[in-house]
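Chemist: Quick one, upload36.cif (mmCIF, N, CA, C and O atoms):
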```cif
data_work
loop_
_atom_site.label_atom_id
_atom_site.label_comp_id
_atom_site.auth_asym_id
_atom_site.auth_seq_id
_atom_site.Cartn_x
_atom_site.Cartn_y
_atom_site.Cartn_z
N MET A 1 -3.01 11.29 -0.77
CA MET A 1 -2.71 9.89 -0.96
C MET A 1 -2.89 9.54 -2.41
O MET A 1 -3.84 9.97 -3.05
N ALA A 2 -1.97 8.72 -2.88
CA ALA A 2 -2.10 8.18 -4.23
C ALA A 2 -1.65 6.73 -4.21
O ALA A 2 -0.62 6.39 -3.61
N PHE A 3 -2.45 5.87 -4.83
CA PHE A 3 -2.11 4.47 -5.02
C PHE A 3 -2.16 4.17 -6.50
O PHE A 3 -3.05 4.64 -7.21
N VAL A 4 -1.21 3.37 -6.98
CA VAL A 4 -1.18 2.93 -8.37
C VAL A 4 -0.93 1.44 -8.38
O VAL A 4 -0.05 0.95 -7.66
N ALA A 5 -1.70 0.70 -9.18
CA ALA A 5 -1.54 -0.75 -9.27
C ALA A 5 -1.20 -1.15 -10.69
O ALA A 5 -1.68 -0.55 -11.66
N GLY A 6 -0.39 -2.18 -10.81
CA GLY A 6 -0.07 -2.75 -12.11
C GLY A 6 0.07 -4.26 -11.97
O GLY A 6 0.45 -4.76 -10.91
N ARG A 7 -0.27 -4.97 -13.02
CA ARG A 7 -0.16 -6.42 -13.01
C ARG A 7 1.08 -6.81 -13.80
O ARG A 7 1.34 -6.29 -14.88
N HIS A 8 1.84 -7.75 -13.26
CA HIS A 8 3.05 -8.28 -13.89
C HIS A 8 2.96 -9.80 -13.81
O HIS A 8 3.33 -10.39 -12.79
N GLY A 9 2.40 -10.42 -14.85
CA GLY A 9 2.18 -11.86 -14.81
C GLY A 9 1.13 -12.18 -13.77
O GLY A 9 0.04 -11.61 -13.78
N ASP A 10 1.46 -13.06 -12.83
CA ASP A 10 0.51 -13.41 -11.78
C ASP A 10 0.69 -12.55 -10.53
O ASP A 10 0.08 -12.81 -9.50
N ARG A 11 1.51 -11.53 -10.61
CA ARG A 11 1.80 -10.65 -9.47
C ARG A 11 1.17 -9.28 -9.69
O ARG A 11 0.99 -8.82 -10.81
N VAL A 12 0.87 -8.62 -8.59
CA VAL A 12 0.36 -7.25 -8.60
C VAL A 12 1.36 -6.39 -7.85
O VAL A 12 1.85 -6.78 -6.78
N ARG A 13 1.67 -5.23 -8.39
CA ARG A 13 2.54 -4.27 -7.69
C ARG A 13 1.71 -3.03 -7.43
O ARG A 13 1.10 -2.47 -8.33
N ILE A 14 1.72 -2.62 -6.17
CA ILE A 14 1.04 -1.39 -5.78
C ILE A 14 2.06 -0.44 -5.18
O ILE A 14 2.83 -0.83 -4.30
N SER A 15 2.06 0.77 -5.67
CA SER A 15 2.92 1.83 -5.15
C SER A 15 2.04 2.90 -4.54
O SER A 15 0.94 3.16 -5.02
N ALA A 16 2.54 3.53 -3.49
CA ALA A 16 1.77 4.56 -2.78
C ALA A 16 2.66 5.74 -2.42
O ALA A 16 3.84 5.57 -2.15
N ARG A 17 2.04 6.90 -2.43
CA ARG A 17 2.71 8.13 -1.99
C ARG A 17 1.74 8.92 -1.14
O ARG A 17 0.52 8.91 -1.39
N SER A 18 2.27 9.59 -0.14
CA SER A 18 1.44 10.46 0.69
C SER A 18 2.14 11.79 0.89
O SER A 18 3.33 11.93 0.61
N SER A 19 1.40 12.73 1.42
CA SER A 19 1.97 14.05 1.69
C SER A 19 2.79 14.01 2.98
O SER A 19 2.67 13.08 3.79
N ARG A 20 3.60 15.02 3.16
CA ARG A 20 4.34 15.14 4.41
C ARG A 20 3.39 15.31 5.59
O ARG A 20 3.63 14.82 6.68
N LYS A 21 2.28 16.00 5.32
CA LYS A 21 1.28 16.22 6.37
C LYS A 21 0.73 14.88 6.87
O LYS A 21 0.56 14.69 8.07
N ALA A 22 0.46 13.96 5.96
CA ALA A 22 -0.05 12.64 6.35
C ALA A 22 1.00 11.88 7.16
O ALA A 22 0.68 11.23 8.16
N ALA A 23 2.25 11.95 6.74
CA ALA A 23 3.32 11.27 7.47
C ALA A 23 3.47 11.87 8.87
O ALA A 23 3.64 11.13 9.85
N LYS A 24 3.38 13.19 8.98
CA LYS A 24 3.47 13.83 10.30
C LYS A 24 2.29 13.47 11.18
O LYS A 24 2.39 13.48 12.40
N ALA A 25 1.14 13.13 10.56
CA ALA A 25 -0.04 12.73 11.32
C ALA A 25 0.06 11.28 11.78
O ALA A 25 -0.83 10.79 12.48
N GLY A 26 1.14 10.59 11.38
CA GLY A 26 1.35 9.22 11.85
C GLY A 26 1.16 8.14 10.81
O GLY A 26 1.30 6.96 11.11
N LEU A 27 0.85 8.50 9.58
CA LEU A 27 0.68 7.51 8.52
C LEU A 27 2.05 6.95 8.14
O LEU A 27 2.97 7.71 7.85
N ASN A 28 2.19 5.64 8.13
CA ASN A 28 3.45 4.99 7.78
C ASN A 28 3.18 3.99 6.66
O ASN A 28 2.79 2.85 6.91
N LEU A 29 3.37 4.42 5.41
CA LEU A 29 3.12 3.55 4.27
C LEU A 29 4.04 2.35 4.24
O LEU A 29 3.65 1.28 3.77
N ASN A 30 5.25 2.48 4.74
CA ASN A 30 6.17 1.36 4.81
C ASN A 30 5.54 0.20 5.58
O ASN A 30 5.52 -0.94 5.12
N GLN A 31 4.99 0.49 6.72
CA GLN A 31 4.37 -0.55 7.55
C GLN A 31 3.09 -1.08 6.91
O GLN A 31 2.88 -2.29 6.83
N ILE A 32 2.23 -0.20 6.44
CA ILE A 32 0.94 -0.61 5.87
C ILE A 32 1.15 -1.49 4.64
O ILE A 32 0.60 -2.59 4.55
N LEU A 33 1.94 -1.03 3.68
CA LEU A 33 2.12 -1.79 2.46
C LEU A 33 2.93 -3.06 2.70
O LEU A 33 2.67 -4.09 2.07
N GLY A 34 3.87 -3.01 3.62
CA GLY A 34 4.61 -4.23 3.97
C GLY A 34 3.69 -5.28 4.55
O GLY A 34 3.75 -6.46 4.17
N ASP A 35 2.81 -4.87 5.45
CA ASP A 35 1.85 -5.81 6.07
C ASP A 35 0.91 -6.41 5.03
O ASP A 35 0.68 -7.62 5.02
N ILE A 36 0.37 -5.58 4.16
CA ILE A 36 -0.56 -6.07 3.14
C ILE A 36 0.16 -7.00 2.17
O ILE A 36 -0.36 -8.07 1.82
N GLY A 37 1.33 -6.63 1.74
CA GLY A 37 2.09 -7.48 0.82
C GLY A 37 2.36 -8.85 1.40
O GLY A 37 2.12 -9.88 0.75
N ARG A 38 2.81 -8.91 2.64
CA ARG A 38 3.10 -10.20 3.28
C ARG A 38 1.83 -11.02 3.49
O ARG A 38 1.85 -12.24 3.37
N ALA A 39 0.72 -10.35 3.77
CA ALA A 39 -0.55 -11.05 3.99
C ALA A 39 -1.06 -11.70 2.70
O ALA A 39 -1.90 -12.61 2.77
N HIS A 40 -0.55 -11.27 1.56
CA HIS A 40 -1.00 -11.80 0.27
C HIS A 40 0.14 -12.51 -0.48
O HIS A 40 0.17 -12.49 -1.72
N GLY A 41 1.04 -13.11 0.26
CA GLY A 41 2.09 -13.93 -0.35
C GLY A 41 3.20 -13.17 -1.04
O GLY A 41 3.87 -13.71 -1.91
N GLY A 42 3.42 -11.94 -0.64
CA GLY A 42 4.48 -11.14 -1.25
C GLY A 42 5.29 -10.42 -0.20
O GLY A 42 5.43 -10.90 0.92
N ASP A 43 5.78 -9.27 -0.57
CA ASP A 43 6.59 -8.47 0.34
C ASP A 43 6.51 -7.02 -0.10
O ASP A 43 6.16 -6.72 -1.24
N GLY A 44 6.82 -6.13 0.81
CA GLY A 44 6.78 -4.72 0.48
C GLY A 44 7.52 -3.89 1.50
O GLY A 44 7.97 -4.39 2.52
N GLY A 45 7.62 -2.62 1.22
CA GLY A 45 8.28 -1.71 2.13
C GLY A 45 8.59 -0.40 1.45
O GLY A 45 8.11 -0.12 0.37
N GLY A 46 9.42 0.37 2.11
CA GLY A 46 9.79 1.68 1.57
C GLY A 46 10.03 2.66 2.68
O GLY A 46 10.76 2.37 3.62
N HIS A 47 9.35 3.80 2.59
CA HIS A 47 9.49 4.87 3.56
C HIS A 47 8.11 5.25 4.09
O HIS A 47 7.09 4.78 3.57
N SER A 48 8.06 6.10 5.08
CA SER A 48 6.77 6.46 5.67
C SER A 48 5.83 7.14 4.69
O SER A 48 4.61 6.97 4.77
N SER A 49 6.37 7.87 3.71
CA SER A 49 5.50 8.56 2.76
C SER A 49 5.61 8.04 1.33
O SER A 49 4.99 8.59 0.42
N ALA A 50 6.37 6.97 1.12
CA ALA A 50 6.49 6.36 -0.21
C ALA A 50 6.85 4.88 -0.03
O ALA A 50 7.88 4.57 0.57
N ALA A 51 6.00 3.99 -0.54
CA ALA A 51 6.25 2.56 -0.37
C ALA A 51 5.53 1.79 -1.47
O ALA A 51 4.72 2.34 -2.20
N SER A 52 5.86 0.49 -1.56
CA SER A 52 5.21 -0.36 -2.54
C SER A 52 5.24 -1.81 -2.06
O SER A 52 5.94 -2.14 -1.11
N PHE A 53 4.45 -2.65 -2.74
CA PHE A 53 4.52 -4.08 -2.48
C PHE A 53 4.21 -4.86 -3.75
O PHE A 53 3.57 -4.36 -4.66
N ASP A 54 4.68 -6.10 -3.78
CA ASP A 54 4.37 -7.08 -4.81
C ASP A 54 3.68 -8.23 -4.12
O ASP A 54 4.15 -8.70 -3.08
N ALA A 55 2.56 -8.70 -4.68
CA ALA A 55 1.83 -9.81 -4.07
C ALA A 55 0.93 -10.45 -5.11
O ALA A 55 0.85 -9.99 -6.26
N ARG A 56 0.25 -11.50 -4.71
CA ARG A 56 -0.75 -12.14 -5.56
C ARG A 56 -2.13 -11.63 -5.17
O ARG A 56 -2.38 -11.38 -3.99
N GLY A 57 -3.01 -11.50 -6.14
CA GLY A 57 -4.37 -11.09 -5.83
C GLY A 57 -4.96 -10.23 -6.92
O GLY A 57 -4.35 -9.97 -7.95
N ASP A 58 -6.16 -9.78 -6.66
CA ASP A 58 -6.89 -8.91 -7.57
C ASP A 58 -6.47 -7.47 -7.32
O ASP A 58 -6.56 -6.99 -6.18
N PRO A 59 -6.03 -6.75 -8.34
CA PRO A 59 -5.57 -5.37 -8.13
C PRO A 59 -6.62 -4.47 -7.47
O PRO A 59 -6.29 -3.72 -6.55
N GLU A 60 -7.88 -4.56 -7.90
CA GLU A 60 -8.92 -3.71 -7.31
C GLU A 60 -9.14 -4.03 -5.83
O GLU A 60 -9.31 -3.13 -5.01
N ALA A 61 -9.13 -5.31 -5.49
CA ALA A 61 -9.32 -5.71 -4.09
C ALA A 61 -8.14 -5.25 -3.23
O ALA A 61 -8.33 -4.78 -2.10
N LEU A 62 -6.93 -5.36 -3.76
CA LEU A 62 -5.75 -4.91 -3.02
C LEU A 62 -5.74 -3.40 -2.85
O LEU A 62 -5.38 -2.89 -1.78
N LEU A 63 -6.13 -2.67 -3.90
CA LEU A 63 -6.23 -1.22 -3.77
C LEU A 63 -7.24 -0.83 -2.71
O LEU A 63 -7.00 0.08 -1.91
N GLN A 64 -8.38 -1.51 -2.68
CA GLN A 64 -9.40 -1.21 -1.68
C GLN A 64 -8.88 -1.49 -0.28
O GLN A 64 -9.15 -0.73 0.66
N GLU A 65 -8.14 -2.58 -0.12
CA GLU A 65 -7.56 -2.88 1.20
C GLU A 65 -6.61 -1.77 1.63
O GLU A 65 -6.61 -1.35 2.79
N CYS A 66 -5.81 -1.27 0.70
CA CYS A 66 -4.91 -0.15 1.00
C CYS A 66 -5.70 1.08 1.43
O CYS A 66 -5.37 1.71 2.45
N ARG A 67 -6.72 1.43 0.67
CA ARG A 67 -7.55 2.60 1.00
C ARG A 67 -8.20 2.44 2.37
O ARG A 67 -8.26 3.40 3.16
N ASN A 68 -8.70 1.25 2.65
CA ASN A 68 -9.34 1.01 3.95
C ASN A 68 -8.37 1.17 5.11
O ASN A 68 -8.72 1.78 6.12
N ARG A 69 -7.17 0.63 4.96
CA ARG A 69 -6.17 0.73 6.03
C ARG A 69 -5.79 2.18 6.29
O ARG A 69 -5.67 2.62 7.43
N VAL A 70 -5.62 2.96 5.23
CA VAL A 70 -5.26 4.37 5.38
C VAL A 70 -6.42 5.13 6.02
O VAL A 70 -6.20 5.94 6.92
N ALA A 71 -7.63 4.86 5.60
CA ALA A 71 -8.81 5.55 6.16
C ALA A 71 -8.95 5.29 7.65
O ALA A 71 -9.41 6.16 8.41
N GLU A 72 -8.55 4.10 8.11
CA GLU A 72 -8.62 3.77 9.53
C GLU A 72 -7.64 4.62 10.35
O GLU A 72 -7.87 4.88 11.52
N LEU A 73 -6.54 5.03 9.72
CA LEU A 73 -5.47 5.71 10.46
C LEU A 73 -5.51 7.23 10.39
O LEU A 73 -4.99 7.89 11.28
N LEU A 74 -6.07 7.76 9.32
CA LEU A 74 -6.10 9.22 9.20
C LEU A 74 -7.38 9.80 9.80
O LEU A 74 -8.44 9.20 9.68
N PRO A 75 -7.26 10.97 10.42
CA PRO A 75 -8.45 11.58 11.01
C PRO A 75 -9.43 12.07 9.95
O PRO A 75 -9.16 12.29 8.84
#
```
Please express what this file holds, its structure, as C-alpha coordinates.

Modeler:
Amino acid sequence: MAFVAGRHGDRVRISARSSRKAAKAGLNLNQILGDIGRAHGGDGGGHSSAASFDARGDPEALLQECRNRVAELLP
(Lines of atoms letter the chains of each structure in order from A and count residues from 1; the text may use other names and numbers.)
(Lines give C-alpha, C1' and ligand atoms only; values in the text may rest on other atoms or scores of the structure.)
Protein backbone atom coordinates (compact mmCIF):
# COMPACT_ATOMS: atom_id res chain seq x y z
CA MET A 1 0.00 0.00 0.00
CA ALA A 2 1.11 3.50 -0.76
CA PHE A 3 -0.68 6.77 -0.05
CA VAL A 4 0.51 10.21 -1.16
CA ALA A 5 -1.08 13.51 -0.14
CA GLY A 6 -0.71 16.98 -1.59
CA ARG A 7 -2.36 20.29 -0.83
CA HIS A 8 -3.80 22.43 -3.64
CA GLY A 9 -5.17 25.65 -2.16
CA ASP A 10 -7.88 24.66 0.30
CA ARG A 11 -8.14 21.14 -1.16
CA VAL A 12 -6.21 17.97 -0.40
CA ARG A 13 -5.58 15.28 -3.01
CA ILE A 14 -4.71 11.78 -1.89
CA SER A 15 -3.64 9.08 -4.31
CA ALA A 16 -3.30 5.41 -3.41
CA ARG A 17 -1.86 2.29 -4.99
CA SER A 18 -1.98 -1.30 -3.83
CA SER A 19 -0.56 -4.60 -4.98
CA ARG A 20 -2.49 -7.10 -7.04
CA LYS A 21 -2.37 -9.37 -4.01
CA ALA A 22 -4.26 -6.79 -1.93
CA ALA A 23 -6.87 -6.35 -4.68
CA LYS A 24 -7.32 -10.13 -4.91
CA ALA A 25 -7.79 -10.20 -1.12
CA GLY A 26 -10.79 -7.88 -1.58
CA LEU A 27 -9.29 -4.41 -1.12
CA ASN A 28 -11.11 -1.91 -3.33
CA LEU A 29 -9.40 1.50 -3.29
CA ASN A 30 -12.03 2.92 -5.64
CA GLN A 31 -14.72 2.39 -3.02
CA ILE A 32 -12.60 3.38 0.00
CA LEU A 33 -11.22 6.61 -1.44
CA GLY A 34 -14.54 7.53 -3.03
CA ASP A 35 -16.30 7.14 0.33
CA ILE A 36 -13.68 9.17 2.21
CA GLY A 37 -13.64 11.91 -0.42
CA ARG A 38 -17.42 12.33 -0.36
CA ALA A 39 -17.46 12.28 3.46
CA HIS A 40 -15.13 15.31 3.43
CA GLY A 41 -16.88 17.46 0.84
CA GLY A 42 -15.13 16.14 -2.23
CA ASP A 43 -15.16 13.22 -4.59
CA GLY A 44 -12.93 10.35 -5.59
CA GLY A 45 -12.63 7.10 -7.43
CA GLY A 46 -10.48 5.06 -9.73
CA HIS A 47 -9.81 1.34 -9.82
CA SER A 48 -9.58 -1.39 -7.21
CA SER A 49 -5.79 -1.06 -6.95
CA ALA A 50 -5.32 2.61 -7.91
CA ALA A 51 -7.55 5.51 -6.86
CA SER A 52 -7.55 9.08 -5.57
CA PHE A 53 -9.77 11.75 -4.07
CA ASP A 54 -9.95 15.52 -3.64
CA ALA A 55 -11.51 16.90 -0.47
CA ARG A 56 -11.20 19.48 2.28
CA GLY A 57 -9.35 18.69 5.47
CA ASP A 58 -6.02 18.12 7.10
CA PRO A 59 -3.72 15.94 4.95
CA GLU A 60 -2.34 13.98 7.93
CA ALA A 61 -5.82 13.28 9.31
CA LEU A 62 -7.07 12.16 5.89
CA LEU A 63 -4.06 9.91 5.39
CA GLN A 64 -4.69 8.33 8.78
CA GLU A 65 -8.33 7.73 7.88
CA CYS A 66 -7.18 5.99 4.69
CA ARG A 67 -4.71 3.82 6.61
CA ASN A 68 -7.35 2.91 9.19
CA ARG A 69 -9.91 1.90 6.56
CA VAL A 70 -7.38 -0.31 4.75
CA ALA A 71 -6.21 -1.90 8.03
CA GLU A 72 -9.83 -2.84 8.82
CA LEU A 73 -10.13 -4.72 5.52
CA LEU A 74 -6.83 -6.50 5.12
CA PRO A 75 -5.98 -9.59 7.15

Chemist: From the list A:Leu27, A:Gly42, A:Pro59, A:Gly9, which residue is nearest Leu74 in chain A when using only C-alpha atoms?

Modeler: A:Leu27

Chemist: Leaving out Gly57 in chain A and any residue of its chain fewer than 3 positions from it, which residues lie within 10 Å of it when counting only C-alpha atoms, given as a list in words?

Modeler: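 So the residues in contact are Arg7, Asp10, Arg11, Val12, Arg13, Gly37, His40, Gly41, Gly42, Asp54, Glu60, Ala61 and Leu62 of chain A.
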
Chemist: Any idea what the distance is between CA of Gln64 in chain A and atom C of Ser18 in chain A?

Modeler: 17.6 Å

Chemist: Mind checking which residues fall within 10 Å of Gln31 in chain A, counting only C-alpha atoms, ignoring those fewer than 6 positions away in the same chain, and posting them as JSON, numbers by chain?

Modeler: {"A": [37, 44, 45, 46, 47, 48, 51]}

Chemist: Hey, can you check how far atom C of Ala55 in chain A sits from atom O of Gly34 in chain A?

Modeler: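 Atom O of Gly34 in chain A lies at a distance of 10.5 Å from atom C of Ala55 in chain A.
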
Chemist: At what distance in Å, to one decimal, does atom C of Leu33 in chain A lie from atom O of Ala16 in chain A?

Modeler: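 Value for the atom O of Ala16 in chain A-atom C of Leu33 in chain A distance: 9.9 Å.
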
Chemist: I need the strand (DSSP E) residues of chain A per DSSP on the backbone, written as a list in words.

Modeler: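 Selection result, strand (DSSP E) within chain A: Ala2, Phe3, Val4, Ala5, Gly6, Arg7, His8, Arg11, Val12, Arg13, Ile14, Ser15, Ala16, Arg17, Asp43, Gly44, Gly45, Gly46, His47, Ala50, Ala51, Ser52, Phe53, Asp54 and Ala55 of chain A.
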
Chemist: Would you write out those residues with N, CA, C and O atoms, as a short mmCIF file (atom, residue, chain, number, x, y, z; two decimals), keeping the file's coordinate frame?

Modeler:
```
data_model
loop_
_atom_site.label_atom_id
_atom_site.label_comp_id
_atom_site.auth_asym_id
_atom_site.auth_seq_id
_atom_site.Cartn_x
_atom_site.Cartn_y
_atom_site.Cartn_z
N ALA A 2 -1.97 8.72 -2.88
CA ALA A 2 -2.10 8.18 -4.23
C ALA A 2 -1.65 6.73 -4.21
O ALA A 2 -0.62 6.39 -3.61
N PHE A 3 -2.45 5.87 -4.83
CA PHE A 3 -2.11 4.47 -5.02
C PHE A 3 -2.16 4.17 -6.50
O PHE A 3 -3.05 4.64 -7.21
N VAL A 4 -1.21 3.37 -6.98
CA VAL A 4 -1.18 2.93 -8.37
C VAL A 4 -0.93 1.44 -8.38
O VAL A 4 -0.05 0.95 -7.66
N ALA A 5 -1.70 0.70 -9.18
CA ALA A 5 -1.54 -0.75 -9.27
C ALA A 5 -1.20 -1.15 -10.69
O ALA A 5 -1.68 -0.55 -11.66
N GLY A 6 -0.39 -2.18 -10.81
CA GLY A 6 -0.07 -2.75 -12.11
C GLY A 6 0.07 -4.26 -11.97
O GLY A 6 0.45 -4.76 -10.91
N ARG A 7 -0.27 -4.97 -13.02
CA ARG A 7 -0.16 -6.42 -13.01
C ARG A 7 1.08 -6.81 -13.80
O ARG A 7 1.34 -6.29 -14.88
N HIS A 8 1.84 -7.75 -13.26
CA HIS A 8 3.05 -8.28 -13.89
C HIS A 8 2.96 -9.80 -13.81
O HIS A 8 3.33 -10.39 -12.79
N ARG A 11 1.51 -11.53 -10.61
CA ARG A 11 1.80 -10.65 -9.47
C ARG A 11 1.17 -9.28 -9.69
O ARG A 11 0.99 -8.82 -10.81
N VAL A 12 0.87 -8.62 -8.59
CA VAL A 12 0.36 -7.25 -8.60
C VAL A 12 1.36 -6.39 -7.85
O VAL A 12 1.85 -6.78 -6.78
N ARG A 13 1.67 -5.23 -8.39
CA ARG A 13 2.54 -4.27 -7.69
C ARG A 13 1.71 -3.03 -7.43
O ARG A 13 1.10 -2.47 -8.33
N ILE A 14 1.72 -2.62 -6.17
CA ILE A 14 1.04 -1.39 -5.78
C ILE A 14 2.06 -0.44 -5.18
O ILE A 14 2.83 -0.83 -4.30
N SER A 15 2.06 0.77 -5.67
CA SER A 15 2.92 1.83 -5.15
C SER A 15 2.04 2.90 -4.54
O SER A 15 0.94 3.16 -5.02
N ALA A 16 2.54 3.53 -3.49
CA ALA A 16 1.77 4.56 -2.78
C ALA A 16 2.66 5.74 -2.42
O ALA A 16 3.84 5.57 -2.15
N ARG A 17 2.04 6.90 -2.43
CA ARG A 17 2.71 8.13 -1.99
C ARG A 17 1.74 8.92 -1.14
O ARG A 17 0.52 8.91 -1.39
N ASP A 43 5.78 -9.27 -0.57
CA ASP A 43 6.59 -8.47 0.34
C ASP A 43 6.51 -7.02 -0.10
O ASP A 43 6.16 -6.72 -1.24
N GLY A 44 6.82 -6.13 0.81
CA GLY A 44 6.78 -4.72 0.48
C GLY A 44 7.52 -3.89 1.50
O GLY A 44 7.97 -4.39 2.52
N GLY A 45 7.62 -2.62 1.22
CA GLY A 45 8.28 -1.71 2.13
C GLY A 45 8.59 -0.40 1.45
O GLY A 45 8.11 -0.12 0.37
N GLY A 46 9.42 0.37 2.11
CA GLY A 46 9.79 1.68 1.57
C GLY A 46 10.03 2.66 2.68
O GLY A 46 10.76 2.37 3.62
N HIS A 47 9.35 3.80 2.59
CA HIS A 47 9.49 4.87 3.56
C HIS A 47 8.11 5.25 4.09
O HIS A 47 7.09 4.78 3.57
N ALA A 50 6.37 6.97 1.12
CA ALA A 50 6.49 6.36 -0.21
C ALA A 50 6.85 4.88 -0.03
O ALA A 50 7.88 4.57 0.57
N ALA A 51 6.00 3.99 -0.54
CA ALA A 51 6.25 2.56 -0.37
C ALA A 51 5.53 1.79 -1.47
O ALA A 51 4.72 2.34 -2.20
N SER A 52 5.86 0.49 -1.56
CA SER A 52 5.21 -0.36 -2.54
C SER A 52 5.24 -1.81 -2.06
O SER A 52 5.94 -2.14 -1.11
N PHE A 53 4.45 -2.65 -2.74
CA PHE A 53 4.52 -4.08 -2.48
C PHE A 53 4.21 -4.86 -3.75
O PHE A 53 3.57 -4.36 -4.66
N ASP A 54 4.68 -6.10 -3.78
CA ASP A 54 4.37 -7.08 -4.81
C ASP A 54 3.68 -8.23 -4.12
O ASP A 54 4.15 -8.70 -3.08
N ALA A 55 2.56 -8.70 -4.68
CA ALA A 55 1.83 -9.81 -4.07
C ALA A 55 0.93 -10.45 -5.11
O ALA A 55 0.85 -9.99 -6.26
#
```

Chemist: Residues of chain A classed as alpha helix (DSSP H) by DSSP on the backbone are to be reported as a PyMOL selection string.

Modeler: chain A and resi 20-24+29-39+59-73

Chemist: For Ser15 in chain A, which residue out of A:Arg56, A:Ala39, A:Arg67, A:Phe3 is the nearest one, using only N, CA, C and O atoms?

Modeler: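 Of all the options, A:Phe3 lies closest to Ser15 in chain A.
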
Chemist: Within 7 Å of Gly26 in chain A, counting all atoms listed in the file, which residues show up once you throw out same-chain ones fewer than 5 positions away? Write them as a PyMOL selection string, please.

Modeler: chain A and resi 20-21+73

Chemist: From the options A:Asn30, A:Val70, A:Phe53, A:Lys24, which residue's atoms come nearest to Gly6 in chain A, counting all atoms listed in the file?

Modeler: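 The shortest atom-to-atom distance to Gly6 in chain A comes from A:Phe53.
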
Chemist: With all atoms of range 42-53 of chain A from the file as input, state the centre and edge lengths in Å to one decimal of the axis-aligned box that has 6 Å extra on each side, as lines of an AutoDock Vina configuration file.

Modeler:
```
center_x = 7.1
center_y = -1.7
center_z = 0.5
size_x = 19.3
size_y = 32.5
size_z = 22.3
```

Chemist: Looking at A:Asn68, A:Leu63, A:Pro75, A:Asp35, which one is nearest to Val4 in chain A, with distances taken over all atoms listed in the file?

Modeler: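 Among A:Asn68, A:Leu63, A:Pro75, A:Asp35, it is A:Leu63 that comes nearest to Val4 in chain A.
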